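Trainee: So that you have it, the file is entry.json, and it contains JSON, C-alpha atoms and all ligand atoms:
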[["chain", "number", "residue", "atom", "x", "y", "z"],
["A", 15, "MET", "CA", 30.08, 5.08, -12.59],
["A", 16, "THR", "CA", 29.14, 1.54, -13.65],
["A", 17, "ASP", "CA", 26.67, -0.48, -11.60],
["A", 18, "LYS", "CA", 29.49, -2.82, -10.62],
["A", 19, "GLU", "CA", 31.59, 0.03, -9.24],
["A", 20, "LEU", "CA", 28.54, 1.46, -7.52],
["A", 21, "ILE", "CA", 27.80, -1.81, -5.72],
["A", 22, "ARG", "CA", 31.48, -2.24, -4.82],
["A", 23, "GLN", "CA", 31.49, 1.17, -3.16],
["A", 24, "ILE", "CA", 28.19, 0.54, -1.40],
["A", 25, "ASN", "CA", 29.73, -2.67, -0.05],
["A", 26, "ASN", "CA", 32.34, -0.41, 1.52],
["A", 27, "LYS", "CA", 29.50, 1.64, 3.07],
["A", 28, "ASN", "CA", 30.27, 4.63, 0.87],
["A", 29, "GLU", "CA", 27.39, 7.04, 1.44],
["A", 30, "SER", "CA", 27.73, 9.09, -1.72],
["A", 31, "ALA", "CA", 27.67, 5.91, -3.83],
["A", 32, "PHE", "CA", 24.52, 4.85, -2.00],
["A", 33, "LYS", "CA", 22.98, 8.25, -2.70],
["A", 34, "ILE", "CA", 23.73, 7.85, -6.41],
["A", 35, "LEU", "CA", 21.95, 4.50, -6.41],
["A", 36, "VAL", "CA", 18.97, 5.87, -4.47],
["A", 37, "ASP", "CA", 18.66, 8.86, -6.82],
["A", 38, "LYS", "CA", 18.87, 6.59, -9.84],
["A", 39, "TYR", "CA", 16.30, 4.01, -8.72],
["A", 40, "GLN", "CA", 14.05, 5.99, -6.40],
["A", 41, "GLU", "CA", 11.34, 6.58, -8.97],
["A", 42, "LEU", "CA", 11.32, 2.96, -10.13],
["A", 43, "VAL", "CA", 11.13, 1.51, -6.61],
["A", 44, "LEU", "CA", 8.52, 4.01, -5.44],
["A", 45, "ASN", "CA", 6.25, 3.25, -8.38],
["A", 46, "VAL", "CA", 6.63, -0.53, -8.21],
["A", 47, "CYS", "CA", 5.63, -0.39, -4.54],
["A", 48, "ASN", "CA", 2.74, 1.93, -5.31],
["A", 49, "ASN", "CA", 1.47, -0.41, -8.01],
["A", 50, "PHE", "CA", 1.32, -3.19, -5.45],
["A", 51, "LEU", "CA", 0.03, -1.18, -2.51],
["A", 52, "HIS", "CA", -2.17, 1.48, -4.17],
["A", 53, "ASN", "CA", -1.30, 3.88, -1.41],
["A", 54, "LYS", "CA", 1.33, 6.63, -1.63],
["A", 55, "GLU", "CA", 2.27, 6.69, 2.03],
["A", 56, "ASP", "CA", 2.67, 2.94, 2.27],
["A", 57, "ALA", "CA", 4.58, 2.89, -1.02],
["A", 58, "TYR", "CA", 6.90, 5.57, 0.30],
["A", 59, "ASP", "CA", 7.58, 3.61, 3.50],
["A", 60, "VAL", "CA", 8.10, 0.30, 1.74],
["A", 61, "SER", "CA", 10.32, 1.88, -0.92],
["A", 62, "GLN", "CA", 12.61, 3.10, 1.83],
["A", 63, "GLU", "CA", 12.72, -0.39, 3.31],
["A", 64, "VAL", "CA", 13.77, -1.59, -0.13],
["A", 65, "PHE", "CA", 16.77, 0.75, -0.16],
["A", 66, "ILE", "CA", 17.72, -0.20, 3.38],
["A", 67, "GLU", "CA", 17.67, -3.83, 2.28],
["A", 68, "ILE", "CA", 19.81, -2.98, -0.75],
["A", 69, "TYR", "CA", 22.29, -1.22, 1.51],
["A", 70, "LYS", "CA", 22.42, -4.13, 3.95],
["A", 71, "SER", "CA", 22.71, -6.91, 1.40],
["A", 72, "SER", "CA", 24.61, -5.33, -1.49],
["A", 73, "HIS", "CA", 27.43, -7.81, -0.84],
["A", 74, "LYS", "CA", 25.05, -10.64, -1.78],
["A", 75, "PHE", "CA", 24.56, -9.25, -5.26],
["A", 76, "LYS", "CA", 26.91, -11.09, -7.60],
["A", 77, "PHE", "CA", 25.88, -9.60, -10.97],
["A", 78, "LYS", "CA", 24.30, -12.81, -12.21],
["A", 79, "SER", "CA", 21.46, -10.56, -13.34],
["A", 80, "LYS", "CA", 21.12, -6.86, -14.08],
["A", 81, "LEU", "CA", 21.14, -4.59, -11.04],
["A", 82, "SER", "CA", 17.65, -3.37, -11.92],
["A", 83, "THR", "CA", 16.36, -6.97, -11.93],
["A", 84, "TRP", "CA", 17.65, -7.44, -8.39],
["A", 85, "ILE", "CA", 16.12, -4.14, -7.29],
["A", 86, "TYR", "CA", 12.78, -5.13, -8.83],
["A", 87, "ARG", "CA", 12.95, -8.44, -6.97],
["A", 88, "ILE", "CA", 13.53, -6.76, -3.61],
["A", 89, "SER", "CA", 10.75, -4.24, -4.32],
["A", 90, "VAL", "CA", 8.30, -7.02, -5.16],
["A", 91, "ASN", "CA", 9.22, -9.05, -2.09],
["A", 92, "LYS", "CA", 9.00, -6.10, 0.27],
["A", 93, "SER", "CA", 5.63, -5.07, -1.17],
["A", 94, "LEU", "CA", 4.23, -8.60, -0.91],
["A", 95, "ASN", "CA", 5.50, -8.90, 2.66],
["A", 96, "TYR", "CA", 3.87, -5.62, 3.48],
["A", 97, "ILE", "CA", 0.54, -6.79, 2.06],
["A", 98, "ARG", "CA", 0.84, -10.04, 4.02],
["A", 99, "ASN", "CA", 1.49, -8.20, 7.27],
["A", 100, "ASN", "CA", -0.99, -5.46, 6.51],
["A", 101, "LYS", "CA", -4.00, -7.30, 7.79],
["A", 102, "LYS", "CA", -2.36, -7.73, 11.17],
["A", 103, "ARG", "CA", -1.19, -4.11, 11.08],
["A", 104, "SER", "CA", -4.59, -2.70, 10.15],
["A", 105, "ILE", "CA", -6.18, -4.37, 13.17],
["A", 106, "LEU", "CA", -3.53, -2.79, 15.41],
["A", 107, "LYS", "CA", -4.02, 0.55, 13.67],
["A", 108, "SER", "CA", -7.73, 0.53, 14.29],
["A", 109, "ILE", "CA", -7.12, -0.13, 17.99],
["A", 110, "GLU", "CA", -4.55, 2.64, 17.96],
["A", 111, "SER", "CA", -6.86, 5.13, 16.24],
["A", 112, "VAL", "CA", -9.46, 4.70, 18.97],
["A", 113, "PHE", "CA", -7.07, 6.28, 21.44],
["A", 114, "PHE", "CA", -4.76, 8.45, 19.39],
["A", 115, "ASP", "CA", -4.75, 10.93, 16.57],
["A", 116, "VAL", "CA", -3.04, 8.75, 13.98],
["A", 117, "ASP", "CA", -2.40, 11.73, 11.71],
["A", 118, "THR", "CA", 0.56, 12.75, 13.83],
["A", 119, "GLU", "CA", 2.31, 9.54, 12.81],
["A", 120, "GLN", "CA", 1.98, 10.09, 9.06],
["A", 121, "SER", "CA", 5.10, 10.00, 6.94],
["A", 122, "VAL", "CA", 6.73, 13.13, 5.60],
["A", 123, "TYR", "CA", 5.51, 12.21, 2.18],
["A", 124, "SER", "CA", 1.81, 12.39, 2.97],
["A", 125, "LYS", "CA", 2.23, 15.82, 4.48],
["A", 126, "ILE", "CA", 3.76, 17.18, 1.32],
["A", 127, "VAL", "CA", 1.85, 15.36, -1.39],
["A", 128, "SER", "CA", -1.89, 15.79, -1.29],
["A", 129, "GLU", "CA", -4.29, 13.58, -3.19],
["A", 130, "PRO", "CA", -5.59, 15.43, -6.23],
["A", 131, "SER", "CA", -9.36, 15.39, -6.45],
["A", 132, "LYS", "CA", -10.62, 12.72, -8.78],
["A", 133, "ASN", "CA", -14.06, 12.11, -10.17],
["A", 134, "LEU", "CA", -16.32, 9.50, -8.69],
["A", 135, "GLU", "CA", -16.08, 7.03, -11.54],
["A", 136, "TYR", "CA", -12.30, 7.15, -11.43],
["A", 137, "ASN", "CA", -12.32, 6.37, -7.72],
["A", 138, "GLU", "CA", -14.81, 3.58, -8.24],
["A", 139, "SER", "CA", -12.63, 2.04, -10.94],
["A", 140, "LYS", "CA", -9.63, 2.25, -8.66],
["A", 141, "ASP", "CA", -11.55, 0.61, -5.86],
["A", 142, "ILE", "CA", -12.88, -2.24, -7.99],
["A", 143, "LEU", "CA", -9.49, -2.88, -9.54],
["A", 144, "ARG", "CA", -7.88, -3.01, -6.11],
["A", 145, "LYS", "CA", -10.50, -5.48, -4.89],
["A", 146, "ALA", "CA", -10.17, -7.55, -8.06],
["A", 147, "LEU", "CA", -6.38, -7.65, -7.67],
["A", 148, "ASN", "CA", -6.82, -8.86, -4.11],
["A", 149, "THR", "CA", -8.66, -11.93, -5.35],
["A", 150, "LEU", "CA", -5.62, -13.02, -7.37],
["A", 151, "ALA", "CA", -3.07, -15.52, -6.15],
["A", 152, "LYS", "CA", 0.17, -13.85, -5.12],
["A", 153, "ASN", "CA", 2.13, -15.02, -8.15],
["A", 154, "GLN", "CA", -0.69, -14.10, -10.57],
["A", 155, "LYS", "CA", -0.93, -10.63, -9.08],
["A", 156, "THR", "CA", 2.83, -10.11, -9.23],
["A", 157, "VAL", "CA", 3.15, -11.17, -12.84],
["A", 158, "PHE", "CA", 0.16, -9.06, -13.77],
["A", 159, "ILE", "CA", 1.45, -5.89, -12.11],
["A", 160, "LEU", "CA", 4.94, -6.26, -13.55],
["A", 161, "ASN", "CA", 3.58, -6.78, -17.04],
["A", 162, "LYS", "CA", 0.66, -4.39, -17.07],
["A", 163, "TYR", "CA", 1.96, -1.51, -14.97],
["A", 164, "GLU", "CA", 5.72, -1.86, -15.21],
["A", 165, "ASP", "CA", 5.58, -2.79, -18.90],
["A", 166, "LEU", "CA", 8.12, -5.56, -18.36],
["A", 167, "SER", "CA", 8.55, -8.33, -20.90],
["A", 168, "TYR", "CA", 7.90, -12.00, -20.11],
["A", 169, "SER", "CA", 11.63, -12.69, -20.01],
["A", 170, "GLU", "CA", 12.34, -9.78, -17.66],
["A", 171, "ILE", "CA", 9.56, -10.97, -15.34],
["A", 172, "SER", "CA", 10.83, -14.54, -15.51],
["A", 173, "GLU", "CA", 14.26, -13.32, -14.36],
["A", 174, "ILE", "CA", 12.90, -11.21, -11.51],
["A", 175, "LEU", "CA", 10.68, -13.99, -10.17],
["A", 176, "ASN", "CA", 12.94, -16.92, -11.07],
["A", 177, "ILE", "CA", 10.22, -18.71, -13.02],
["A", 178, "SER", "CA", 10.09, -19.88, -16.64],
["A", 179, "VAL", "CA", 8.90, -17.60, -19.42],
["A", 180, "SER", "CA", 6.03, -19.97, -20.24],
["A", 181, "ASN", "CA", 4.98, -19.91, -16.60],
["A", 182, "VAL", "CA", 4.82, -16.12, -16.79],
["A", 183, "GLY", "CA", 2.45, -16.43, -19.74],
["A", 184, "VAL", "CA", 0.22, -18.95, -17.98],
["A", 185, "LEU", "CA", 0.02, -16.86, -14.81],
["A", 186, "LEU", "CA", -0.77, -13.75, -16.80],
["A", 187, "ILE", "CA", -3.66, -15.39, -18.65],
["A", 188, "ARG", "CA", -5.08, -16.75, -15.39],
["A", 189, "ALA", "CA", -4.74, -13.35, -13.74],
["A", 190, "LYS", "CA", -6.55, -11.59, -16.57],
["A", 191, "LYS", "CA", -9.37, -14.15, -16.68],
["A", 192, "LYS", "CA", -9.89, -13.85, -12.95],
["A", 193, "LEU", "CA", -9.84, -10.06, -13.03],
["A", 194, "GLN", "CA", -12.28, -10.03, -15.92],
["A", 195, "LYS", "CA", -14.64, -12.37, -14.10],
["A", 196, "TYR", "CA", -14.50, -10.30, -10.93],
["A", 197, "VAL", "CA", -15.27, -7.04, -12.72],
["A", 198, "ILE", "CA", -18.06, -8.47, -14.85],
["A", 199, "ASP", "CA", -19.67, -10.21, -11.85],
["A", 200, "TYR", "CA", -19.39, -7.00, -9.90],
["A", 201, "TYR", "CA", -21.29, -5.02, -12.51],
["A", 202, "LYS", "CA", -23.89, -7.70, -13.08],
["A", 203, "ASN", "CA", -24.62, -7.80, -9.35],
["A", 204, "ASN", "CA", -24.74, -4.05, -8.87],
["B", 8, "MET", "CA", -20.36, -15.67, -31.20],
["B", 9, "LYS", "CA", -22.39, -16.02, -28.02],
["B", 10, "CYS", "CA", -22.47, -13.15, -25.54],
["B", 11, "GLU", "CA", -20.80, -15.40, -22.95],
["B", 12, "THR", "CA", -17.86, -16.13, -25.25],
["B", 13, "ILE", "CA", -17.52, -12.43, -26.02],
["B", 14, "GLN", "CA", -17.54, -11.51, -22.35],
["B", 15, "ASN", "CA", -14.94, -14.15, -21.54],
["B", 16, "ASN", "CA", -12.55, -12.60, -24.03],
["B", 17, "LEU", "CA", -13.08, -8.89, -23.54],
["B", 18, "ILE", "CA", -9.92, -8.42, -21.50],
["B", 19, "PHE", "CA", -7.82, -9.99, -24.28],
["B", 20, "TYR", "CA", -9.70, -7.86, -26.79],
["B", 21, "ILE", "CA", -8.75, -4.75, -24.82],
["B", 22, "ASP", "CA", -5.11, -5.90, -24.80],
["B", 23, "LYS", "CA", -5.35, -6.75, -28.54],
["B", 24, "GLU", "CA", -4.07, -10.25, -27.90],
["B", 25, "LEU", "CA", -6.55, -12.17, -30.04],
["B", 26, "ASP", "CA", -6.32, -13.33, -33.63],
["B", 27, "ASN", "CA", -7.34, -10.73, -36.18],
["B", 28, "GLN", "CA", -10.54, -12.56, -37.09],
["B", 29, "VAL", "CA", -11.65, -12.87, -33.45],
["B", 30, "MET", "CA", -10.85, -9.20, -32.90],
["B", 31, "LEU", "CA", -13.11, -8.31, -35.81],
["B", 32, "ASP", "CA", -15.88, -10.63, -34.63],
["B", 33, "ILE", "CA", -15.90, -9.06, -31.21],
["B", 34, "GLU", "CA", -15.84, -5.57, -32.68],
["B", 35, "THR", "CA", -18.88, -6.40, -34.80],
["B", 36, "HIS", "CA", -20.67, -7.99, -31.86],
["B", 37, "LEU", "CA", -20.09, -4.93, -29.67],
["B", 38, "LYS", "CA", -21.66, -2.73, -32.33],
["B", 39, "ASN", "CA", -24.81, -4.81, -32.22],
["B", 40, "CYS", "CA", -25.12, -5.90, -28.57],
["B", 41, "ASP", "CA", -25.87, -3.28, -25.93],
["B", 42, "GLU", "CA", -25.28, -5.62, -22.99],
["B", 43, "CYS", "CA", -21.81, -6.67, -24.10],
["B", 44, "LEU", "CA", -20.97, -3.08, -25.03],
["B", 45, "ALA", "CA", -21.98, -1.86, -21.56],
["B", 46, "ILE", "CA", -19.83, -4.54, -19.93],
["B", 47, "TYR", "CA", -16.95, -3.77, -22.26],
["B", 48, "LYS", "CA", -17.07, -0.10, -21.26],
["B", 49, "LYS", "CA", -17.10, -0.91, -17.55],
["B", 50, "LEU", "CA", -14.27, -3.40, -17.85],
["B", 51, "ASN", "CA", -12.26, -0.97, -19.96],
["B", 52, "ASN", "CA", -12.68, 1.70, -17.28],
["B", 53, "VAL", "CA", -11.53, -0.51, -14.45],
["B", 54, "TYR", "CA", -8.83, -2.30, -16.40],
["B", 55, "GLY", "CA", -7.54, 0.91, -17.90],
["B", 56, "TYR", "CA", -7.05, 2.47, -14.50],
["B", 57, "LYS", "CA", -3.42, 3.32, -13.92],
["B", 58, "THR", "CA", -2.03, 4.26, -10.56],
["B", 59, "GLU", "CA", -0.83, 7.81, -10.56],
["B", 60, "LYS", "CA", 2.89, 8.00, -11.25],
["B", 61, "LEU", "CA", 4.88, 9.15, -8.23],
["B", 62, "ASP", "CA", 7.67, 11.62, -8.81],
["B", 63, "VAL", "CA", 11.18, 11.82, -7.42],
["B", 64, "GLN", "CA", 11.32, 13.59, -4.08],
["B", 65, "GLU", "CA", 14.11, 15.93, -3.06],
["B", 66, "PHE", "CA", 13.92, 15.01, 0.63],
["B", 67, "TYR", "CA", 13.85, 11.29, -0.12],
["B", 68, "PHE", "CA", 17.48, 10.53, 0.64],
["B", 69, "SER", "CA", 17.66, 12.62, 3.83],
["B", 70, "ASP", "CA", 14.48, 10.96, 5.03],
["B", 71, "LEU", "CA", 15.99, 7.57, 4.24],
["B", 72, "LYS", "CA", 19.17, 8.45, 6.14],
["B", 73, "LYS", "CA", 17.14, 9.46, 9.18],
["B", 74, "ARG", "CA", 15.29, 6.19, 9.03],
["B", 75, "MET", "CA", 18.53, 4.21, 8.81],
["B", 76, "ASP", "CA", 20.00, 6.06, 11.79],
["B", 77, "LYS", "CA", 16.86, 5.36, 13.80],
["B", 78, "GLU", "CA", 17.00, 1.72, 12.83],
["B", 79, "LYS", "CA", 20.56, 1.49, 14.08],
["B", 80, "ASN", "CA", 19.41, 2.80, 17.46],
["B", 81, "HIS", "CA", 16.62, 0.26, 17.65],
["B", 82, "MET", "CA", 18.48, -2.73, 16.31],
["B", 83, "PHE", "CA", 17.35, -5.03, 19.08],
["B", 84, "LEU", "CA", 13.73, -4.27, 18.33],
["B", 85, "GLU", "CA", 11.98, -5.20, 15.14],
["B", 86, "SER", "CA", 11.02, -1.68, 14.09],
["B", 87, "LYS", "CA", 10.44, 1.77, 15.45],
["B", 88, "ASN", "CA", 6.72, 1.41, 14.87],
["B", 89, "ASN", "CA", 6.54, -1.44, 17.31],
["B", 90, "VAL", "CA", 8.21, 0.67, 19.98],
["B", 91, "PHE", "CA", 5.72, 3.47, 19.42],
["B", 92, "LEU", "CA", 2.84, 1.08, 19.40],
["B", 93, "VAL", "CA", 3.87, -0.71, 22.58],
["B", 94, "LYS", "CA", 4.26, 2.65, 24.33],
["B", 95, "LYS", "CA", 0.91, 3.83, 23.05],
["B", 96, "LEU", "CA", -0.87, 0.66, 24.00],
["B", 97, "LEU", "CA", 0.63, 0.86, 27.48],
["B", 98, "VAL", "CA", -0.59, 4.43, 27.87],
["B", 99, "ALA", "CA", -3.97, 3.42, 26.50],
["B", 100, "ALA", "CA", -4.21, 0.50, 28.92],
["B", 101, "VAL", "CA", -3.36, 2.73, 31.87],
["B", 102, "LEU", "CA", -5.95, 5.28, 30.73],
["B", 103, "VAL", "CA", -8.64, 2.64, 30.32],
["B", 104, "ILE", "CA", -7.91, 1.09, 33.70],
["B", 105, "GLY", "CA", -7.84, 4.55, 35.28],
["B", 106, "LEU", "CA", -11.12, 5.47, 33.64],
["B", 107, "PHE", "CA", -12.69, 2.21, 34.69],
["B", 108, "ILE", "CA", -11.63, 2.65, 38.31],
["B", 109, "GLY", "CA", -12.77, 6.28, 38.17],
["B", 110, "VAL", "CA", -16.20, 5.32, 36.88],
["B", 111, "LEU", "CA", -16.51, 2.55, 39.46],
["B", 112, "MET", "CA", -15.54, 4.83, 42.33],
["B", 113, "GLY", "CA", -17.69, 7.65, 40.97],
["B", 114, "ASN", "CA", -20.67, 5.36, 40.80],
["B", 115, "TYR", "CA", -20.00, 4.12, 44.28],
["B", 116, "TYR", "CA", -19.75, 7.58, 45.82],
["B", 117, "ASN", "CA", -22.63, 8.99, 43.77],
["B", 118, "ASN", "CA", -24.81, 6.16, 44.90],
["B", 119, "VAL", "CA", -23.82, 6.76, 48.48],
["B", 120, "GLU", "CA", -24.44, 10.50, 48.16],
["B", 121, "ILE", "CA", -27.73, 10.14, 46.32],
["B", 122, "SER", "CA", -29.02, 7.76, 48.91],
["B", 123, "GLN", "CA", -27.96, 10.12, 51.63],
["B", 124, "ASN", "CA", -29.05, 13.46, 50.21],
["B", 125, "PRO", "CA", -30.22, 13.97, 46.60],
["B", 126, "THR", "CA", -29.91, 17.78, 46.64],
["B", 127, "GLU", "CA", -26.19, 17.67, 47.33],
["B", 128, "ILE", "CA", -25.40, 16.92, 43.71],
["B", 129, "GLU", "CA", -27.12, 20.13, 42.60],
["B", 130, "ASN", "CA", -25.18, 22.10, 45.16],
["B", 131, "GLU", "CA", -22.00, 20.57, 43.90],
["B", 132, "VAL", "CA", -22.54, 22.15, 40.45],
["B", 133, "PHE", "CA", -22.77, 25.60, 41.98],
["B", 134, "ASP", "CA", -19.79, 24.88, 44.13],
["B", 135, "ASN", "CA", -17.80, 24.03, 41.04],
["B", 136, "ASP", "CA", -18.80, 27.30, 39.39],
["B", 137, "SER", "CA", -17.71, 29.38, 42.29],
["B", 138, "TYR", "CA", -14.47, 27.43, 42.46],
["B", 139, "GLU", "CA", -13.83, 28.12, 38.77],
["B", 140, "THR", "CA", -14.42, 31.89, 39.07],
["B", 141, "ALA", "CA", -12.23, 31.96, 42.14],
["B", 142, "PHE", "CA", -9.52, 30.22, 40.14],
["B", 143, "LEU", "CA", -9.76, 32.72, 37.30],
["B", 144, "GLU", "CA", -9.45, 35.66, 39.60],
["C", 1, "ZN", "ZN", -23.54, -9.74, -26.49]]
Translate the structure of the given file into structure tokens.
Mentor:
Amino acid sequence: MTDKELIRQINNKNESAFKILVDKYQELVLNVCNNFLHNKEDAYDVSQEVFIEIYKSSHKFKFKSKLSTWIYRISVNKSLNYIRNNKKRSILKSIESVFFDVDTEQSVYSKIVSEPSKNLEYNESKDILRKALNTLAKNQKTVFILNKYEDLSYSEISEILNISVSNVGVLLIRAKKKLQKYVIDYYKNN
Amino acid sequence: MKCETIQNNLIFYIDKELDNQVMLDIETHLKNCDECLAIYKKLNNVYGYKTEKLDVQEFYFSDLKKRMDKEKNHMFLESKNNVFLVKKLLVAAVLVIGLFIGVLMGNYYNNVEISQNPTEIENEVFDNDSYETAFLE
């Protein structure tokens, strides 16, 4: 089935067509979200929100870009929204955890997939990278993640984010310089 | 090249985005400068970190379907989490208020009892024990 036919059938709320799309893009969406959120459970939740959004707004997709570009765009937006709201949510969660066993509310995913044990240095690297990424402006971070972790070209990124190719390049250089500074400062001060 | 210049370009060196000559200069510098080499190694570790790739899940679609059905049932509310949270916070508030009142009243009665007869509290412990054994029987 072509992407066009797939979207047409999803517009008609055809469940099996939707399942085909989910099966096809599940891995991509899950990993994009995880690259933004650095947390499997959150990535799983947000990835499902992405598909719900696709289902709800498939009629808005007019094939001016590739289907995958549109899916990337929704994944990026949902992940960024999640990060934006996360601060608020984490305050609520900490209140919640005082009174309740939060484990009971974990997603199915976290119950099935357990974190493999990693060495200390690996965890430290992960932690520093996450903190360094948090110092980046939203657009710098987005461009960086799409290029570095999704291996997307400048032109693909420019299409997803609706910015010029040269802008992608500028943002990427700024992101790398800022990351580099953060990591070097971190090590010099520790 | 100065150490500072080297350190400002290490990330582009790692990504092999510099001119050939600059790449070579940095390589040579790293062989001769322990400080820059140490920083290079640290940066390479952090920068080279890749999030673990997540695999396709069999239950993914059925889980998604469940979520969509739930969402339909809670359309007038923003999300199911909010409903849970509101409920939980309500329960928590009731508990806290209850606890607070309990403590207040407890203090009040204890104070009254202590002032009246300090040995009564000791007796109460034994009373509780006998009550418990009676209950078990
Ligand atoms: Zn040096």
Trainee: Quick one: residues within 7 Å of ligand ZN 1 (chain C), with all atoms listed in the file, as number ranges by chain?
Mentor: B: 9-10, 13, 36-37, 40-43
Trainee: Can I get the selected residues back with C-alpha atoms, as a PDB file, keeping the file's coordinate frame?
Mentor:
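That gives us again-v3.pdb:
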ATOM      1  CA  LYS B   9     -22.390 -16.020 -28.020  1.00  0.00           C
ATOM      2  CA  CYS B  10     -22.470 -13.150 -25.540  1.00  0.00           C
ATOM      3  CA  ILE B  13     -17.520 -12.430 -26.020  1.00  0.00           C
ATOM      4  CA  HIS B  36     -20.670  -7.990 -31.860  1.00  0.00           C
ATOM      5  CA  LEU B  37     -20.090  -4.930 -29.670  1.00  0.00           C
ATOM      6  CA  CYS B  40     -25.120  -5.900 -28.570  1.00  0.00           C
ATOM      7  CA  ASP B  41     -25.870  -3.280 -25.930  1.00  0.00           C
ATOM      8  CA  GLU B  42     -25.280  -5.620 -22.990  1.00  0.00           C
ATOM      9  CA  CYS B  43     -21.810  -6.670 -24.100  1.00  0.00           C
TER      10      CYS B  43
END
Trainee: Given only C-alpha atoms, how would the per-residue table for chain A near chain B read, listing every residue at most 6 Å away with its closest atom pair and distance in Å to one decimal, sorted by chain and number, as a tab-separated table?
Mentor:
residue	atom	partner	partner_atom	distance
A:Glu41	CA	B:Val63	CA	5.5
A:Ser139	CA	B:Val53	CA	4.5
A:Leu143	CA	B:Val53	CA	5.8
Trainee: Given the point (-2.8, -14.3, -21.0) in the coordinates of this file, which residues lie within 12 Å, counting all atoms listed in the file, and how would they look as a ChimeraX atom specification?
Mentor: /A:154,157-158,161-162,168,180-194 /B:16-25
Trainee: So how far away is atom CA of A:Tyr200 from atom CA of A:Ile142, in Å?
Mentor: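 So the answer is 8.3 Å.
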Trainee: Would you work out the distance separating atom CA of A:Ala31 from atom CA of A:Asp59, expressed in Å to one decimal?
Mentor: 21.5 Å
Trainee: Which one of A:Phe77, A:Tyr163, A:Tyr86, A:Phe65 sits closest to A:Asn49 if you count only C-alpha atoms?
Mentor: A:Tyr163
Trainee: Do a neighbour search on stretch 174-177 of chain A at 7 Å with only C-alpha atoms, toss out local chain neighbours closer than 3 positions, and write the hits as a PyMOL selection string.
Mentor: chain A and resi 83-84+86-87+170-171+181
Trainee: Could you dump the residues just selected with C-alpha atoms as an mmCIF file, in the coordinates of the input?
Mentor:
data_model
loop_
_atom_site.group_PDB
_atom_site.id
_atom_site.type_symbol
_atom_site.label_atom_id
_atom_site.label_comp_id
_atom_site.auth_asym_id
_atom_site.auth_seq_id
_atom_site.Cartn_x
_atom_site.Cartn_y
_atom_site.Cartn_z
ATOM 1 C CA THR A 83 16.360 -6.970 -11.930
ATOM 2 C CA TRP A 84 17.650 -7.440 -8.390
ATOM 3 C CA TYR A 86 12.780 -5.130 -8.830
ATOM 4 C CA ARG A 87 12.950 -8.440 -6.970
ATOM 5 C CA GLU A 170 12.340 -9.780 -17.660
ATOM 6 C CA ILE A 171 9.560 -10.970 -15.340
ATOM 7 C CA ASN A 181 4.980 -19.910 -16.600
#
Trainee: Measure the distance from atom CA of A:Leu42 to atom CA of A:Ala146 in Å and round it to one decimal.
Mentor: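 Computing the Euclidean distance for atom CA of A:Leu42 and atom CA of A:Ala146 yields 24.0 Å.
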